[in-house]
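For reference, the structure discussed in these notes is given below.
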Amino acid sequence: MRPRFPIALVVGLVLLAPAAAQPPAGKADAGNAAMKYWQAFGLLPTMTKEQEKIVHEWDKAPLDAAALKLIEQAGNSLEYLHRGARLSHCDWALDYEDGINLLIPHLSKARTLAQLAALRARHKFAQGQTKVGLDDVTALFKLARHVEADPLMIDQLVGFAIEGMAIQSAAPYLPDTKTGLPELAATLDRLPAGPTFTQMLQIEKRTSADWLIRELRAAEKNKAGSWQDVWKQLLGGPSEAGAPAPKVPAAKTLDEAVKMLEDLPPLYEEVAKLTELPWAEFNPRYATFIEKAQAANPAAAAIFPAMNHVVAAKRRADARMALFRAAVAIVQGGPDKVKETKDPFGDGPFGYTARDNGFELTSKLTFKEQPVTLMVGKK
């Protein structure tokens, strides 16, 4: 039962409320999408092991009673996903001053929320509820760009994964979609651009080399010789699962350690220029660059980002998005529309192959030695 309040008190509170509490005319989009998403995260259902498996396998899990129950339980959370997606501004309020220790708890929550939305979209498409399915897909694209709002490399990778879910949930059903495609195409055209590699590297430098210099000096000021503990702890910490522990760069004095870190900025600038190269040229040039950088500066091996992985993921995401845009246009205008497409990693349109119940588009870009493709229509 809802609590009851004296009517006079309610009226009084309404009369006393400042006019500024109402959104100004034309400012319906005002607000921070992150606040809506955090409410979505808070409303995520507590899942059993079986339900977690459904979420992780959202693209192939049977759409049975268990899946439908989970979709129903996630209803409130997905409502707040859509409320966040309707807003343009998104600020996750990350504390960059924490440097290497920066916490980014929203990423895992956003991924789970996206998987639930993709599961529901898949169900709605299968039921012929195209509009609801496209609404979820649109929300996923917007969530992805909101996740990518901070120029952190890990944020970009999670954003790319969410974009992939949006595409993967919609592509099998595009040929059967009769309405909503013009609106979807318009939404894709309005999506904001993500951060550049230069912006990512600037943040990387700020939260690693610059931050570490301050930490070393602060530790030494607090207690003589304690900089060495910080140096070993932060540069010799846990590695990725299955990878050997990183080798701590040898530094006999604080000044020597600081000098290594102060020599890193030109490397960030150099690799930023490399990311502007045509995709086929980047990998060999980067391999030579990183080998020389690590040989010249031991600190580079410990904290310099693996840009080859990020660049590859970004270019694959760009190709996949271009393929999806092309697929939407082809479904609307017919196979001849492929001639008007432009492969951003080739010198002409995408490759087109008719398939049963749909078609396949192919980019000249390769990822893990395989061409990036998009299958449109049910297999």
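Order determines the names: the first chain of the structure tokens is A, the second B, and so forth; residues in each chain are numbered 1 upward, and ligands are numbered 1 upward as they are shown.
For Glu50 (chain A), the non-local neighbours within 10 Å, defined as residues at least 3 positions apart in the same chain or in other chains and counting only C-alpha atoms, are Met47, Lys53, Ile54, Val55, Ala66 and Ala67 of chain A.
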Env of Thr253 (chain A): 9 Å cut, atoms = only C-alpha atoms, seq-sep filter 6 positions within chain, self excluded. Answer as a PyMOL selection string. chain A and resi 225+227-228
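Going from CA of Asp176 (chain A) over to CA of Gly377 (chain A), you cover 8.0 Å.
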Using only C-alpha atoms, tabulate the residues of region 90-126 of chain A lying at most 12 Å from any atom of region 177-185 of chain A, each with its closest atom pair and that distance in Å to one decimal, by chain and increasing residue number, as a tab-separated table.
residue	atom	partner	partner_atom	distance
A:Lys124	CA	A:Thr177	CA	11.9
A:Phe125	CA	A:Thr177	CA	8.7
A:Ala126	CA	A:Thr177	CA	11.0
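Residues within 8 Å of Phe160 (chain A), counting only C-alpha atoms and excluding same-chain residues fewer than 6 positions away, are Ala144, Ala313, Lys314 and Ala317 of chain A.
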Next, the residues of the selection above should be written as a compact mmCIF listing (two decimals), in the first residue's frame with N, CA and C atoms.
# COMPACT_ATOMS: atom_id res chain seq x y z
N ALA A 144 25.96 2.26 -26.64
CA ALA A 144 27.35 2.04 -27.05
C ALA A 144 28.10 3.35 -27.16
N ALA A 313 40.53 -3.37 -33.35
CA ALA A 313 39.14 -3.43 -32.90
C ALA A 313 38.34 -2.25 -33.41
N LYS A 314 38.96 -1.07 -33.42
CA LYS A 314 38.26 0.14 -33.90
C LYS A 314 37.96 0.02 -35.38
N ALA A 317 35.16 -2.38 -35.94
CA ALA A 317 33.88 -1.78 -35.56
C ALA A 317 33.40 -0.81 -36.64
Residues near Ala312 (chain A), cut-off 9 Å, only C-alpha atoms, skip fewer than 2 positions along chain, as a list in words: Trp279, Asn283, Met307, Asn308, His309, Val310, Lys314, Arg315, Arg316, Ala317, Phe367 and Lys368 of chain A
Residues within 10 Å of region 354-360 of chain A, only C-alpha atoms, excluding chain neighbours under 3 positions, as a PyMOL selection string: chain A and resi 171-176+323+327+330-331+335+350-351+373-379
Could those selected residues go to a file with N, CA and C atoms, as a PDB file, in the first residue's frame?
ATOM      1  N   ALA A 171      20.419  -7.898 -37.727  1.00  0.00           N
ATOM      2  CA  ALA A 171      20.751  -8.326 -39.092  1.00  0.00           C
ATOM      3  C   ALA A 171      19.935  -9.532 -39.578  1.00  0.00           C
ATOM      4  N   PRO A 172      19.705 -10.565 -38.758  1.00  0.00           N
ATOM      5  CA  PRO A 172      18.950 -11.715 -39.285  1.00  0.00           C
ATOM      6  C   PRO A 172      17.519 -11.380 -39.695  1.00  0.00           C
ATOM      7  N   TYR A 173      16.981 -10.290 -39.148  1.00  0.00           N
ATOM      8  CA  TYR A 173      15.564  -9.978 -39.368  1.00  0.00           C
ATOM      9  C   TYR A 173      15.346  -8.802 -40.324  1.00  0.00           C
ATOM     10  N   LEU A 174      16.423  -8.199 -40.814  1.00  0.00           N
ATOM     11  CA  LEU A 174      16.262  -7.032 -41.695  1.00  0.00           C
ATOM     12  C   LEU A 174      15.436  -7.333 -42.937  1.00  0.00           C
ATOM     13  N   PRO A 175      15.652  -8.451 -43.646  1.00  0.00           N
ATOM     14  CA  PRO A 175      14.862  -8.680 -44.868  1.00  0.00           C
ATOM     15  C   PRO A 175      13.361  -8.762 -44.621  1.00  0.00           C
ATOM     16  N   ASP A 176      12.952  -9.113 -43.407  1.00  0.00           N
ATOM     17  CA  ASP A 176      11.526  -9.224 -43.091  1.00  0.00           C
ATOM     18  C   ASP A 176      10.969  -7.958 -42.462  1.00  0.00           C
ATOM     19  N   LEU A 323      28.979  -1.727 -42.888  1.00  0.00           N
ATOM     20  CA  LEU A 323      28.266  -2.859 -43.478  1.00  0.00           C
ATOM     21  C   LEU A 323      26.795  -2.852 -43.081  1.00  0.00           C
ATOM     22  N   ALA A 327      23.544  -2.535 -45.378  1.00  0.00           N
ATOM     23  CA  ALA A 327      22.504  -3.564 -45.366  1.00  0.00           C
ATOM     24  C   ALA A 327      21.119  -2.938 -45.240  1.00  0.00           C
ATOM     25  N   ILE A 330      20.199  -1.509 -48.601  1.00  0.00           N
ATOM     26  CA  ILE A 330      19.910  -2.538 -49.594  1.00  0.00           C
ATOM     27  C   ILE A 330      18.538  -3.163 -49.349  1.00  0.00           C
ATOM     28  N   VAL A 331      18.195  -3.394 -48.099  1.00  0.00           N
ATOM     29  CA  VAL A 331      16.873  -3.950 -47.781  1.00  0.00           C
ATOM     30  C   VAL A 331      15.780  -2.990 -48.237  1.00  0.00           C
ATOM     31  N   PRO A 335      18.920  -4.985 -54.251  1.00  0.00           N
ATOM     32  CA  PRO A 335      20.325  -5.361 -54.431  1.00  0.00           C
ATOM     33  C   PRO A 335      21.164  -4.345 -55.189  1.00  0.00           C
ATOM     34  N   PHE A 350      30.993  -2.546 -51.239  1.00  0.00           N
ATOM     35  CA  PHE A 350      31.164  -3.815 -50.543  1.00  0.00           C
ATOM     36  C   PHE A 350      30.909  -4.973 -51.496  1.00  0.00           C
ATOM     37  N   GLY A 351      31.504  -6.114 -51.208  1.00  0.00           N
ATOM     38  CA  GLY A 351      31.168  -7.321 -51.939  1.00  0.00           C
ATOM     39  C   GLY A 351      29.776  -7.791 -51.542  1.00  0.00           C
ATOM     40  N   THR A 373      32.724  -9.512 -42.496  1.00  0.00           N
ATOM     41  CA  THR A 373      31.505  -9.735 -43.267  1.00  0.00           C
ATOM     42  C   THR A 373      30.272  -9.484 -42.401  1.00  0.00           C
ATOM     43  N   LEU A 374      29.140  -9.378 -43.074  1.00  0.00           N
ATOM     44  CA  LEU A 374      27.861  -9.275 -42.373  1.00  0.00           C
ATOM     45  C   LEU A 374      26.838 -10.128 -43.115  1.00  0.00           C
ATOM     46  N   MET A 375      26.293 -11.115 -42.409  1.00  0.00           N
ATOM     47  CA  MET A 375      25.241 -11.943 -42.965  1.00  0.00           C
ATOM     48  C   MET A 375      23.898 -11.317 -42.605  1.00  0.00           C
ATOM     49  N   VAL A 376      23.089 -11.049 -43.619  1.00  0.00           N
ATOM     50  CA  VAL A 376      21.772 -10.407 -43.419  1.00  0.00           C
ATOM     51  C   VAL A 376      20.702 -11.421 -43.783  1.00  0.00           C
ATOM     52  N   GLY A 377      19.798 -11.690 -42.846  1.00  0.00           N
ATOM     53  CA  GLY A 377      18.768 -12.704 -43.050  1.00  0.00           C
ATOM     54  C   GLY A 377      19.060 -13.946 -42.224  1.00  0.00           C
ATOM     55  N   LYS A 378      18.040 -14.727 -41.997  1.00  0.00           N
ATOM     56  CA  LYS A 378      18.184 -15.929 -41.173  1.00  0.00           C
ATOM     57  C   LYS A 378      18.980 -16.984 -41.926  1.00  0.00           C
ATOM     58  N   LYS A 379      19.857 -17.673 -41.213  1.00  0.00           N
ATOM     59  CA  LYS A 379      20.624 -18.728 -41.836  1.00  0.00           C
ATOM     60  C   LYS A 379      19.726 -19.918 -42.157  1.00  0.00           C
TER      61      LYS A 379
END
Please list as number ranges by chain every residue within 10 Å of Lys273 (chain A), counting only C-alpha atoms and excluding residues in the same chain fewer than 4 positions away. A: 197-198, 267-269, 277
Would you kindly return, as a ChimeraX atom specification, each protein, DNA or RNA residue with an atom no farther than 9 Å from any atom of Leu201 (chain A), considering only C-alpha atoms and excluding same-chain residues fewer than 6 positions away? /A:151-153,268-269,271-272,305
How about saving the chosen residues, C-alpha atoms kept, as an mmCIF file, in the first residue's frame?
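As written to disk, result-v1.cif reads:
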data_model
loop_
_atom_site.group_PDB
_atom_site.id
_atom_site.type_symbol
_atom_site.label_atom_id
_atom_site.label_comp_id
_atom_site.auth_asym_id
_atom_site.auth_seq_id
_atom_site.Cartn_x
_atom_site.Cartn_y
_atom_site.Cartn_z
ATOM 1 C CA PRO A 151 38.323 8.346 -24.363
ATOM 2 C CA LEU A 152 39.537 5.308 -22.427
ATOM 3 C CA MET A 153 40.594 2.372 -24.556
ATOM 4 C CA TYR A 268 52.570 8.789 -27.492
ATOM 5 C CA GLU A 269 52.801 11.500 -30.139
ATOM 6 C CA VAL A 271 52.068 6.370 -32.228
ATOM 7 C CA ALA A 272 49.199 8.862 -32.615
ATOM 8 C CA PRO A 305 49.284 0.589 -24.352
#
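One distance worth recording is that between CA of His82 (chain A) and CA of Ala33 (chain A), which is 9.7 Å.
Here CA of His106 (chain A) and CA of Met321 (chain A) stand 23.6 Å from one another.
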Would you list, as JSON, numbers by chain, the residues of region 15-103 of chain A that end up in helix (DSSP H, G or I) under DSSP run on this structure's backbone? {"A": [15, 16, 19, 20, 21, 33, 34, 35, 36, 37, 38, 39, 40, 41, 42, 49, 50, 51, 52, 53, 54, 55, 56, 65, 66, 67, 68, 69, 70, 71, 72, 73, 75, 76, 77, 78, 79, 80, 81, 82, 83, 84, 85, 96, 97, 98, 99, 100, 101]}
Would you put the residues from that selection into a file with C-alpha atoms, as a tab-separated table (two decimals), in the first residue's frame?
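Output below, filename result.tsv:
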chain	number	residue	atom	x	y	z
A	15	LEU	CA	3.02	25.52	-4.60
A	16	LEU	CA	6.40	25.96	-2.95
A	19	ALA	CA	9.55	27.06	-11.31
A	20	ALA	CA	13.09	26.10	-12.34
A	21	ALA	CA	12.30	22.50	-11.40
A	33	ALA	CA	22.09	9.75	-19.50
A	34	ALA	CA	24.52	8.11	-17.06
A	35	MET	CA	22.07	8.72	-14.21
A	36	LYS	CA	19.36	6.82	-16.08
A	37	TYR	CA	21.75	4.00	-16.90
A	38	TRP	CA	22.78	3.68	-13.25
A	39	GLN	CA	19.11	3.27	-12.36
A	40	ALA	CA	18.93	0.59	-15.06
A	41	PHE	CA	21.95	-1.12	-13.48
A	42	GLY	CA	20.33	-0.96	-10.04
A	49	LYS	CA	23.44	-19.52	-12.91
A	50	GLU	CA	21.02	-20.71	-15.57
A	51	GLN	CA	19.86	-17.15	-16.26
A	52	GLU	CA	23.43	-15.89	-16.45
A	53	LYS	CA	24.07	-18.52	-19.11
A	54	ILE	CA	21.06	-17.27	-21.10
A	55	VAL	CA	22.39	-13.71	-20.91
A	56	HIS	CA	25.90	-14.68	-22.00
A	65	ALA	CA	9.89	-20.05	-21.02
A	66	ALA	CA	13.11	-19.48	-19.05
A	67	ALA	CA	14.30	-16.81	-21.48
A	68	LEU	CA	10.91	-15.10	-21.55
A	69	LYS	CA	10.79	-15.04	-17.74
A	70	LEU	CA	14.20	-13.38	-17.66
A	71	ILE	CA	13.10	-10.81	-20.24
A	72	GLU	CA	10.06	-10.02	-18.11
A	73	GLN	CA	12.19	-9.66	-14.96
A	75	GLY	CA	11.55	-5.00	-17.91
A	76	ASN	CA	12.15	-2.12	-15.48
A	77	SER	CA	15.88	-2.14	-16.14
A	78	LEU	CA	15.32	-2.00	-19.90
A	79	GLU	CA	12.86	0.86	-19.46
A	80	TYR	CA	15.64	2.93	-17.90
A	81	LEU	CA	17.96	1.87	-20.70
A	82	HIS	CA	15.56	3.57	-23.11
A	83	ARG	CA	15.28	6.63	-20.90
A	84	GLY	CA	19.04	7.02	-20.92
A	85	ALA	CA	19.21	6.43	-24.67
A	96	TYR	CA	40.89	10.43	-13.69
A	97	GLU	CA	43.08	11.63	-10.84
A	98	ASP	CA	43.12	7.99	-9.65
A	99	GLY	CA	45.39	7.21	-12.59
A	100	ILE	CA	46.19	3.53	-13.03
A	101	ASN	CA	43.80	2.78	-10.15
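In terms of minimum interatomic distance to Asp155 (chain A), A:Leu94 ranks closest within A:Leu94, A:Ala186, A:Ala209, A:Ile167, counting only C-alpha atoms.
With only C-alpha atoms as the atoms that count, the minimum distance from Asp150 (chain A) to the choices A:Arg190, A:His89, A:Arg122, A:Lys232 is reached by A:His89.
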